[in-house]
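A.B. asks: Structure: data11.cif, mmCIF, C-alpha atoms and all ligand atoms.
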data_work
#
loop_
_atom_site.label_atom_id
_atom_site.label_comp_id
_atom_site.auth_asym_id
_atom_site.auth_seq_id
_atom_site.Cartn_x
_atom_site.Cartn_y
_atom_site.Cartn_z
CA ALA E 1 87.39 127.28 92.30
CA GLY E 2 90.90 127.76 93.62
CA ILE E 3 90.69 124.72 95.87
CA ASP E 4 93.90 122.81 96.50
CA LEU E 5 92.81 119.38 97.69
CA GLU E 6 96.26 118.57 99.06
CA VAL E 7 96.01 121.58 101.35
CA ILE E 8 92.52 120.51 102.41
CA TYR E 9 93.79 116.98 103.04
CA GLY E 10 96.59 118.40 105.21
CA THR E 11 94.04 120.33 107.25
CA ALA E 12 91.86 117.20 107.55
CA LEU E 13 94.81 115.27 109.04
CA GLU E 14 95.60 118.15 111.38
CA LEU E 15 91.97 118.20 112.58
CA ALA E 16 91.97 114.43 113.10
CA ALA E 17 95.13 114.68 115.19
CA LYS E 18 93.68 117.50 117.29
CA ALA E 19 90.33 115.71 117.78
CA GLY E 20 92.18 112.48 118.59
CA GLU E 21 94.20 114.20 121.30
CA MET E 22 91.04 115.66 122.88
CA ILE E 23 89.21 112.31 122.75
CA ARG E 24 92.20 110.43 124.23
CA ASP E 25 92.55 112.98 127.05
CA ALA E 26 88.90 112.56 128.04
CA PHE E 27 88.56 108.83 127.41
CA TRP E 28 89.41 107.45 130.88
CA LYS E 29 87.95 110.36 132.83
CA GLU E 30 84.43 110.71 134.16
CA LYS E 31 82.08 111.97 131.47
CA SER E 32 79.08 114.24 131.74
CA VAL E 33 76.41 112.69 129.57
CA ASP E 34 73.27 114.20 128.09
CA THR E 35 70.62 112.70 125.81
CA LYS E 36 69.24 113.91 122.47
CA MET E 37 66.55 112.25 120.33
CA SER E 38 66.08 109.22 122.60
CA ALA E 39 67.24 108.03 126.01
CA ALA E 40 69.97 106.09 124.18
CA ASP E 41 71.09 108.92 121.88
CA LEU E 42 74.01 110.30 123.88
CA VAL E 43 76.18 113.40 123.78
CA THR E 44 79.07 114.43 126.05
CA GLU E 45 81.05 117.59 126.71
CA THR E 46 83.82 116.09 124.62
CA ASP E 47 81.59 115.68 121.52
CA GLN E 48 80.73 119.38 121.84
CA ALA E 49 84.27 120.54 122.61
CA VAL E 50 85.78 118.61 119.68
CA GLU E 51 83.15 119.92 117.28
CA SER E 52 83.54 123.56 118.30
CA THR E 53 87.35 123.34 118.18
CA VAL E 54 87.32 121.77 114.73
CA LYS E 55 84.68 124.17 113.46
CA ALA E 56 86.69 127.17 114.69
CA ILE E 57 89.86 125.95 112.93
CA ILE E 58 87.97 125.41 109.67
CA SER E 59 86.22 128.77 109.69
CA ALA E 60 89.48 130.58 110.48
CA LYS E 61 91.28 128.90 107.57
CA TYR E 62 88.40 128.71 105.09
CA PRO E 63 85.84 131.40 105.94
CA ASN E 64 83.72 130.61 102.87
CA HIS E 65 83.46 126.89 103.40
CA LYS E 66 80.26 125.30 104.75
CA PHE E 67 80.11 123.14 107.83
CA ILE E 68 77.74 120.30 108.80
CA GLY E 69 78.43 118.81 112.23
CA GLU E 70 76.52 116.37 114.39
CA GLU E 71 76.36 118.62 117.42
CA THR E 72 75.73 121.86 115.51
CA THR E 73 73.18 120.63 113.00
CA ALA E 74 71.28 117.95 114.93
CA ALA E 75 71.45 119.66 118.32
CA ALA E 76 69.91 122.77 116.82
CA GLY E 77 67.11 120.58 115.43
CA ASN E 78 68.05 121.70 111.94
CA HIS E 79 67.82 119.79 108.71
CA CYS E 80 71.11 119.62 106.81
CA VAL E 81 71.64 122.11 104.08
CA TRP E 82 74.13 120.40 101.76
CA THR E 83 75.12 122.41 98.71
CA ASP E 84 77.69 122.38 95.89
CA GLU E 85 79.92 124.64 98.03
CA PRO E 86 83.04 123.17 99.64
CA THR E 87 81.62 121.47 102.75
CA TRP E 88 83.15 119.83 105.82
CA ILE E 89 80.90 117.13 107.28
CA ILE E 90 82.03 116.15 110.76
CA ASP E 91 81.14 113.74 113.51
CA PRO E 92 83.29 114.77 116.49
CA ILE E 93 82.83 111.38 118.16
CA ASP E 94 81.25 108.58 116.18
CA GLY E 95 80.61 105.88 118.74
CA THR E 96 79.56 108.17 121.58
CA THR E 97 77.99 105.25 123.47
CA ASN E 98 81.34 103.44 123.32
CA PHE E 99 83.05 106.62 124.51
CA VAL E 100 80.66 106.96 127.47
CA HIS E 101 81.30 103.33 128.41
CA SER E 102 85.07 103.49 127.83
CA ILE E 103 84.93 100.99 124.96
CA PRO E 104 87.84 101.86 122.63
CA GLU E 105 85.90 101.79 119.31
CA VAL E 106 85.49 105.56 119.07
CA THR E 107 86.32 107.68 116.05
CA PHE E 108 86.52 111.18 114.69
CA SER E 109 84.94 111.27 111.23
CA LEU E 110 85.51 113.92 108.57
CA GLY E 111 84.22 114.09 105.01
CA PHE E 112 85.00 116.94 102.63
CA THR E 113 82.65 117.46 99.68
CA LEU E 114 82.77 119.54 96.52
CA ASN E 115 79.74 119.81 94.22
CA LYS E 116 78.14 117.27 96.56
CA GLN E 117 80.83 114.74 95.74
CA VAL E 118 82.84 113.27 98.60
CA VAL E 119 86.49 113.87 97.72
CA ILE E 120 88.24 113.32 101.06
CA GLY E 121 87.37 110.95 103.91
CA VAL E 122 89.25 110.62 107.18
CA VAL E 123 88.25 108.33 110.06
CA TYR E 124 90.55 108.36 113.07
CA ALA E 125 90.26 105.90 115.98
CA PRO E 126 92.51 107.61 118.52
CA ILE E 127 92.49 104.99 121.29
CA LYS E 128 93.83 102.39 118.87
CA ASP E 129 95.74 104.99 116.85
CA GLU E 130 94.22 103.79 113.57
CA LEU E 131 93.94 106.42 110.86
CA PHE E 132 91.80 105.49 107.83
CA THR E 133 92.12 107.87 104.89
CA ALA E 134 90.84 108.14 101.34
CA LYS E 135 90.91 110.60 98.48
CA LEU E 136 88.54 110.16 95.54
CA ASN E 137 90.05 107.79 92.92
CA GLN E 138 93.27 107.43 94.90
CA GLY E 139 92.59 104.41 97.11
CA ALA E 140 92.08 103.93 100.82
CA PHE E 141 94.74 103.54 103.49
CA LEU E 142 95.14 102.49 107.13
CA ASN E 143 98.10 104.24 108.76
CA GLY E 144 99.51 104.65 105.25
CA LYS E 145 99.05 101.04 104.18
CA LYS E 146 96.79 100.47 101.15
CA LEU E 147 93.49 98.70 101.85
CA THR E 148 91.60 96.14 99.75
CA VAL E 149 88.24 94.58 100.60
CA ASN E 150 87.62 90.83 100.86
CA LYS E 151 86.36 88.80 97.88
CA THR E 152 83.40 87.11 99.59
CA LYS E 153 80.45 86.70 97.22
CA ASP E 154 78.19 84.37 99.16
CA ILE E 155 76.39 85.38 102.33
CA SER E 156 76.88 81.88 103.77
CA LYS E 157 80.61 82.70 104.05
CA ALA E 158 80.25 86.33 105.14
CA VAL E 159 80.56 88.25 108.40
CA VAL E 160 77.94 90.99 108.47
CA ILE E 161 78.22 94.09 110.64
CA MET E 162 74.89 95.46 111.94
CA GLU E 163 73.80 97.75 114.76
CA GLY E 164 70.88 98.06 117.16
CA GLY E 165 71.04 101.85 116.77
CA SER E 166 69.67 104.46 119.13
CA SER E 167 65.95 104.51 118.24
CA ARG E 168 63.78 102.99 120.97
CA ASP E 169 60.64 102.90 118.81
CA VAL E 170 59.31 99.37 119.32
CA ASP E 171 58.33 98.84 115.67
CA ILE E 172 61.75 99.97 114.42
CA VAL E 173 63.59 97.79 116.95
CA ASP E 174 61.37 94.85 115.98
CA LYS E 175 62.24 95.14 112.29
CA LYS E 176 65.93 95.54 113.07
CA ILE E 177 65.82 92.36 115.16
CA LYS E 178 64.16 90.54 112.22
CA ASN E 179 66.99 91.76 109.98
CA ILE E 180 69.58 90.57 112.49
CA HIS E 181 67.80 87.22 112.60
CA ALA E 182 67.93 86.98 108.78
CA MET E 183 71.64 87.74 108.75
CA VAL E 184 72.59 85.47 111.68
CA THR E 185 70.76 82.49 110.18
CA ASN E 186 72.36 82.94 106.75
CA SER E 187 75.94 84.02 107.47
CA HIS E 188 79.12 83.15 109.38
CA GLY E 189 78.12 85.72 111.98
CA VAL E 190 77.01 89.20 112.88
CA ARG E 191 79.14 91.88 114.57
CA ALA E 192 78.52 95.39 115.93
CA TYR E 193 81.33 97.83 116.74
CA GLY E 194 79.10 100.80 117.64
CA SER E 195 80.39 103.31 115.07
CA ALA E 196 79.21 103.58 111.48
CA ALA E 197 82.47 105.27 110.47
CA LEU E 198 84.47 102.43 111.95
CA ASN E 199 82.16 99.71 110.60
CA LEU E 200 82.73 101.00 107.05
CA SER E 201 86.47 101.31 107.68
CA HIS E 202 86.49 97.71 108.92
CA ILE E 203 84.96 96.54 105.63
CA ALA E 204 87.63 98.54 103.78
CA ALA E 205 90.29 96.74 105.83
CA GLY E 206 88.82 93.26 105.23
CA ARG E 207 87.65 92.93 108.84
CA GLY E 208 84.23 91.71 107.82
CA ASP E 209 82.41 91.44 104.49
CA ALA E 210 79.36 93.67 104.73
CA TYR E 211 77.72 96.33 106.86
CA VAL E 212 74.14 97.52 106.87
CA GLU E 213 72.45 100.12 109.05
CA TYR E 214 69.19 102.07 109.12
CA GLY E 215 68.90 105.27 111.18
CA ILE E 216 72.41 106.70 110.87
CA HIS E 217 73.15 110.27 109.78
CA VAL E 218 75.29 111.74 107.02
CA TRP E 219 78.13 112.65 109.44
CA ASP E 220 78.27 109.05 110.68
CA PHE E 221 78.91 107.49 107.29
CA ILE E 222 80.04 109.93 104.60
CA ALA E 223 83.78 109.57 105.30
CA GLY E 224 83.62 105.82 105.90
CA ALA E 225 81.65 105.34 102.68
CA LEU E 226 84.45 106.92 100.64
CA ILE E 227 87.06 104.84 102.47
CA ALA E 228 85.11 101.64 101.79
CA LYS E 229 84.51 102.52 98.12
CA GLU E 230 88.16 103.38 97.59
CA ALA E 231 89.11 99.98 99.01
CA GLY E 232 86.82 98.36 96.41
CA ALA E 233 83.54 98.01 98.30
CA THR E 234 80.07 98.37 96.82
CA VAL E 235 78.22 101.07 98.77
CA LEU E 236 74.50 101.44 98.06
CA ASP E 237 71.14 102.26 99.46
CA PRO E 238 70.06 99.03 101.22
CA THR E 239 67.34 98.50 98.55
CA GLY E 240 70.11 98.24 95.96
CA SER E 241 69.55 101.65 94.42
CA GLU E 242 72.10 104.45 94.37
CA LEU E 243 73.29 105.68 97.77
CA ASP E 244 71.73 108.92 99.01
CA TYR E 245 73.89 110.44 101.75
CA MET E 246 70.91 112.32 103.18
CA HIS E 247 68.69 109.22 103.40
CA ARG E 248 69.53 107.75 106.76
CA ARG E 249 70.68 104.27 105.70
CA VAL E 250 73.52 102.41 104.01
CA LEU E 251 74.54 98.99 102.71
CA CYS E 252 78.21 98.27 102.13
CA ALA E 253 79.56 94.95 100.87
CA CYS E 254 82.93 93.73 99.65
CA THR E 255 81.37 92.50 96.36
CA PRO E 256 78.26 93.48 94.36
CA GLU E 257 77.07 89.85 94.50
CA LEU E 258 77.09 89.90 98.30
CA ALA E 259 75.35 93.29 98.37
CA LYS E 260 72.52 91.88 96.23
CA GLN E 261 72.08 88.76 98.39
CA ILE E 262 71.94 90.82 101.58
CA SER E 263 69.61 93.45 100.13
CA GLU E 264 67.09 90.77 99.17
CA LYS E 265 66.94 89.40 102.71
CA LEU E 266 66.31 92.67 104.57
CA ILE E 267 63.26 94.64 105.64
CA HIS E 268 64.08 98.12 104.37
CA LEU E 269 63.31 100.61 107.11
CA ASP E 270 62.75 104.21 106.11
CA MET E 271 63.95 106.43 108.94
CA GLY E 272 63.74 109.70 107.03
CA PHE E 273 66.25 112.22 105.77
CA ASP E 274 68.84 114.48 107.41
C1 LIG G 301 76.35 106.17 116.16
C2 LIG G 301 76.45 105.42 114.84
C3 LIG G 301 76.19 103.96 115.04
C4 LIG G 301 74.77 103.82 115.48
C5 LIG G 301 74.55 104.56 116.79
C6 LIG G 301 74.95 106.02 116.66
P1 LIG G 301 77.10 108.58 117.17
O1 LIG G 301 76.66 107.53 115.97
O2 LIG G 301 77.66 105.58 114.23
O3 LIG G 301 76.42 103.23 113.86
O4 LIG G 301 74.42 102.47 115.62
O5 LIG G 301 73.21 104.49 117.17
O6 LIG G 301 74.05 106.73 115.85
O7 LIG G 301 75.79 109.02 117.77
O8 LIG G 301 77.94 107.84 118.14
O9 LIG G 301 77.78 109.66 116.46
#
Could the structure of this file be written out as structure tokens, please?

C.D. replies:
Amino acid sequence: AGIDLEVIYGTALELAAKAGEMIRDAFWKEKSVDTKMSAADLVTETDQAVESTVKAIISAKYPNHKFIGEETTAAAGNHCVWTDEPTWIIDPIDGTTNFVHSIPEVTFSLGFTLNKQVVIGVVYAPIKDELFTAKLNQGAFLNGKKLTVNKTKDISKAVVIMEGGSSRDVDIVDKKIKNIHAMVTNSHGVRAYGSAALNLSHIAAGRGDAYVEYGIHVWDFIAGALIAKEAGATVLDPTGSELDYMHRRVLCACTPELAKQISEKLIHLDMGFD
């Protein structure tokens, strides 16, 4: 209703630039670190400052739009309320652990949804100045250059991105290690960049063939999922069924054949809903 997606896209780029500037300014300085759900689930002043800045800009421009943000929603212990209304879903810093340790794989992630459909995705990695963008049915781009996924169909020739995640529950870690074992023994190799948004963007850019993770949240992967899909990736629930953005897991592969092979080799952890 009266929504001009080009205007929204312009705002999304403006927010990414602003967030990027704040992240870059703080990147080499000392950080004050706090923990959330586990001793390895980190948050810094910069995560909070970026989120409140971005949220303030959005609510000033679009007072009726809804907002779901990592530090607002999760920090308040709230479940996400995701409706058909125009909604901005933001992770101020995806890759907070990298940020804390001055590892340059940090991103700002923004998804914009209408009728619960993701129509705009922006992932910005400000230290490397890499801007990944996608609009529904209009392709995915890295710094303006169109992206296409790899053609790998067989796991024996694939690089698979996986993460340890931030849960320290022994049973969960155990199953994740078994999954890593299954992927290492069957593939060209396993990689972990520490940011779901970036992992998905890497698949979009052909820097790897598949990515799977259990335990992420909607703000970590909603933008990257659109970017990957728009570059031609298959993005599913790890079991092979349709992706549910509120179910905390994702499987992304450059071909459907590869997605199926990987899905069949994994233990499917259920880490709940946002
Ligand atoms: C991170 C995810 C990453 C996961 C980490 C963490 P954050 O998000 O993007 O894929 O492995 O445990 O959840 O907390 O940096 O926004």

A.B. asks: Could you build a table of the residues in chain E lying no more than 10 Å from ligand LIG 301 (chain G), giving for each the nearest pair of atoms and their separation in Å rounded to one decimal place, using only C-alpha atoms and all ligand atoms, ordered by chain and ascending residue number, as JSON lines?

C.D. replies:
{"residue": "E:Lys36", "atom": "CA", "partner": "G:LIG301", "partner_atom": "O7", "distance": 9.4}
{"residue": "E:Ala40", "atom": "CA", "partner": "G:LIG301", "partner_atom": "O5", "distance": 7.9}
{"residue": "E:Asp41", "atom": "CA", "partner": "G:LIG301", "partner_atom": "O7", "distance": 6.2}
{"residue": "E:Leu42", "atom": "CA", "partner": "G:LIG301", "partner_atom": "O7", "distance": 6.5}
{"residue": "E:Val43", "atom": "CA", "partner": "G:LIG301", "partner_atom": "O7", "distance": 7.4}
{"residue": "E:Asp47", "atom": "CA", "partner": "G:LIG301", "partner_atom": "O9", "distance": 8.7}
{"residue": "E:Glu70", "atom": "CA", "partner": "G:LIG301", "partner_atom": "O9", "distance": 7.1}
{"residue": "E:Glu71", "atom": "CA", "partner": "G:LIG301", "partner_atom": "O9", "distance": 9.1}
{"residue": "E:Ile90", "atom": "CA", "partner": "G:LIG301", "partner_atom": "O9", "distance": 9.6}
{"residue": "E:Asp91", "atom": "CA", "partner": "G:LIG301", "partner_atom": "O9", "distance": 6.1}
{"residue": "E:Pro92", "atom": "CA", "partner": "G:LIG301", "partner_atom": "O9", "distance": 7.5}
{"residue": "E:Ile93", "atom": "CA", "partner": "G:LIG301", "partner_atom": "O9", "distance": 5.6}
{"residue": "E:Asp94", "atom": "CA", "partner": "G:LIG301", "partner_atom": "O9", "distance": 3.6}
{"residue": "E:Gly95", "atom": "CA", "partner": "G:LIG301", "partner_atom": "O8", "distance": 3.4}
{"residue": "E:Thr96", "atom": "CA", "partner": "G:LIG301", "partner_atom": "O8", "distance": 3.8}
{"residue": "E:Thr97", "atom": "CA", "partner": "G:LIG301", "partner_atom": "O8", "distance": 5.9}
{"residue": "E:Asn98", "atom": "CA", "partner": "G:LIG301", "partner_atom": "O8", "distance": 7.6}
{"residue": "E:Phe99", "atom": "CA", "partner": "G:LIG301", "partner_atom": "O8", "distance": 8.3}
{"residue": "E:Val100", "atom": "CA", "partner": "G:LIG301", "partner_atom": "O8", "distance": 9.8}
{"residue": "E:Val106", "atom": "CA", "partner": "G:LIG301", "partner_atom": "O8", "distance": 7.9}
{"residue": "E:Thr107", "atom": "CA", "partner": "G:LIG301", "partner_atom": "O8", "distance": 8.6}
{"residue": "E:Phe108", "atom": "CA", "partner": "G:LIG301", "partner_atom": "O9", "distance": 9.0}
{"residue": "E:Ser109", "atom": "CA", "partner": "G:LIG301", "partner_atom": "O9", "distance": 9.0}
{"residue": "E:Ile161", "atom": "CA", "partner": "G:LIG301", "partner_atom": "O3", "distance": 9.9}
{"residue": "E:Met162", "atom": "CA", "partner": "G:LIG301", "partner_atom": "O4", "distance": 7.9}
{"residue": "E:Glu163", "atom": "CA", "partner": "G:LIG301", "partner_atom": "O4", "distance": 4.8}
{"residue": "E:Gly164", "atom": "CA", "partner": "G:LIG301", "partner_atom": "O4", "distance": 5.9}
{"residue": "E:Gly165", "atom": "CA", "partner": "G:LIG301", "partner_atom": "O5", "distance": 3.4}
{"residue": "E:Ser166", "atom": "CA", "partner": "G:LIG301", "partner_atom": "O5", "distance": 4.0}
{"residue": "E:Ser167", "atom": "CA", "partner": "G:LIG301", "partner_atom": "O5", "distance": 7.3}
{"residue": "E:Ala192", "atom": "CA", "partner": "G:LIG301", "partner_atom": "O4", "distance": 8.2}
{"residue": "E:Tyr193", "atom": "CA", "partner": "G:LIG301", "partner_atom": "O3", "distance": 7.8}
{"residue": "E:Gly194", "atom": "CA", "partner": "G:LIG301", "partner_atom": "C3", "distance": 5.0}
{"residue": "E:Ser195", "atom": "CA", "partner": "G:LIG301", "partner_atom": "O2", "distance": 3.6}
{"residue": "E:Ala196", "atom": "CA", "partner": "G:LIG301", "partner_atom": "O3", "distance": 3.7}
{"residue": "E:Ala197", "atom": "CA", "partner": "G:LIG301", "partner_atom": "O2", "distance": 6.1}
{"residue": "E:Leu198", "atom": "CA", "partner": "G:LIG301", "partner_atom": "O2", "distance": 7.8}
{"residue": "E:Asn199", "atom": "CA", "partner": "G:LIG301", "partner_atom": "O3", "distance": 7.5}
{"residue": "E:Leu200", "atom": "CA", "partner": "G:LIG301", "partner_atom": "O3", "distance": 9.5}
{"residue": "E:Tyr211", "atom": "CA", "partner": "G:LIG301", "partner_atom": "O3", "distance": 9.9}
{"residue": "E:Val212", "atom": "CA", "partner": "G:LIG301", "partner_atom": "O3", "distance": 9.3}
{"residue": "E:Glu213", "atom": "CA", "partner": "G:LIG301", "partner_atom": "O3", "distance": 7.0}
{"residue": "E:Tyr214", "atom": "CA", "partner": "G:LIG301", "partner_atom": "O4", "distance": 8.4}
{"residue": "E:Gly215", "atom": "CA", "partner": "G:LIG301", "partner_atom": "O6", "distance": 7.1}
{"residue": "E:Ile216", "atom": "CA", "partner": "G:LIG301", "partner_atom": "O6", "distance": 5.2}
{"residue": "E:His217", "atom": "CA", "partner": "G:LIG301", "partner_atom": "O6", "distance": 7.1}
{"residue": "E:Val218", "atom": "CA", "partner": "G:LIG301", "partner_atom": "O2", "distance": 9.8}
{"residue": "E:Trp219", "atom": "CA", "partner": "G:LIG301", "partner_atom": "O9", "distance": 7.6}
{"residue": "E:Asp220", "atom": "CA", "partner": "G:LIG301", "partner_atom": "O2", "distance": 5.0}
{"residue": "E:Phe221", "atom": "CA", "partner": "G:LIG301", "partner_atom": "O2", "distance": 7.3}

A.B. asks: Would you mind telling me which residue in E:Ile103, E:Leu269, E:Ile203, E:Val184 lies nearest to Leu142 of chain E when using only C-alpha atoms?

C.D. replies: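 Ranked by minimum distance to Leu142 of chain E, first place goes to E:Ile203.
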
A.B. asks: Which one is closest to Ile23 of chain E: E:Gln117, E:Thr87, E:Thr44, E:Ser59? Count only C-alpha atoms.

C.D. replies: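 Smallest distance to Ile23 of chain E is found for E:Thr44.
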
A.B. asks: Which distance in Å separates atom CA of Glu264 of chain E and atom CA of Leu147 of chain E, to one decimal?

C.D. replies: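 Between atom CA of Glu264 of chain E and atom CA of Leu147 of chain E the gap is 27.7 Å.
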
A.B. asks: Tell me which protein, DNA and RNA residues are within 7 Å of segment 255-262 of chain E, counting all atoms listed in the file, leaving out same-chain ones fewer than 3 positions away, and put them as number ranges by chain.

C.D. replies: E: 151-155, 233-234, 240, 252, 265-266

A.B. asks: Kindly indicate which residue among E:Ala75, E:Ala182, E:Leu131, E:Val50 lies nearest to Glu21 of chain E, using all atoms listed in the file for the distances.

C.D. replies: E:Val50

A.B. asks: Restricting the calculation to only C-alpha atoms, which member of E:Leu251, E:Val159, E:Ile222, E:Val190 is positioned closest to Leu236 of chain E?

C.D. replies: E:Leu251

A.B. asks: Rounded to one decimal place, report the atom CA of Ile127 of chain E-atom CA of Pro104 of chain E distance in Å.

C.D. replies: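 Between atom CA of Ile127 of chain E and atom CA of Pro104 of chain E the gap is 5.8 Å.
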
A.B. asks: For the point (89.3, 123.7, 108.8) in file coordinates, what residues are within 10 Å, counting only C-alpha atoms? Give the answer as number ranges by chain?

C.D. replies: E: 8-12, 14-15, 53-63, 65, 67, 88

A.B. asks: What's the 9 Å shell around Lys146 of chain E, counting all atoms listed in the file, without same-chain residues fewer than 6 positions away, as a list in words?

C.D. replies: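 Near Lys146 of chain E, the qualifying residues are Gly139, Ala140, Ala205 and Ala231 of chain E.
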
A.B. asks: Please measure the separation of atom CA of Gly224 of chain E and atom CA of Gly111 of chain E, giving the value in Å to one decimal.

C.D. replies: 8.3 Å

A.B. asks: Looking at E:Ala76, E:Thr46, E:Ala17, E:His268, which one is nearest to Pro126 of chain E, with distances taken over only C-alpha atoms?

C.D. replies: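 Closest to Pro126 of chain E, using only C-alpha atoms: E:Ala17.
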
A.B. asks: Please determine, counting only C-alpha atoms, which residue among E:Val250, E:Leu136, E:Val7, E:Leu110 has the shortest atom-to-atom distance to Lys229 of chain E.

C.D. replies: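 Smallest separation from Lys229 of chain E among the options: E:Leu136.
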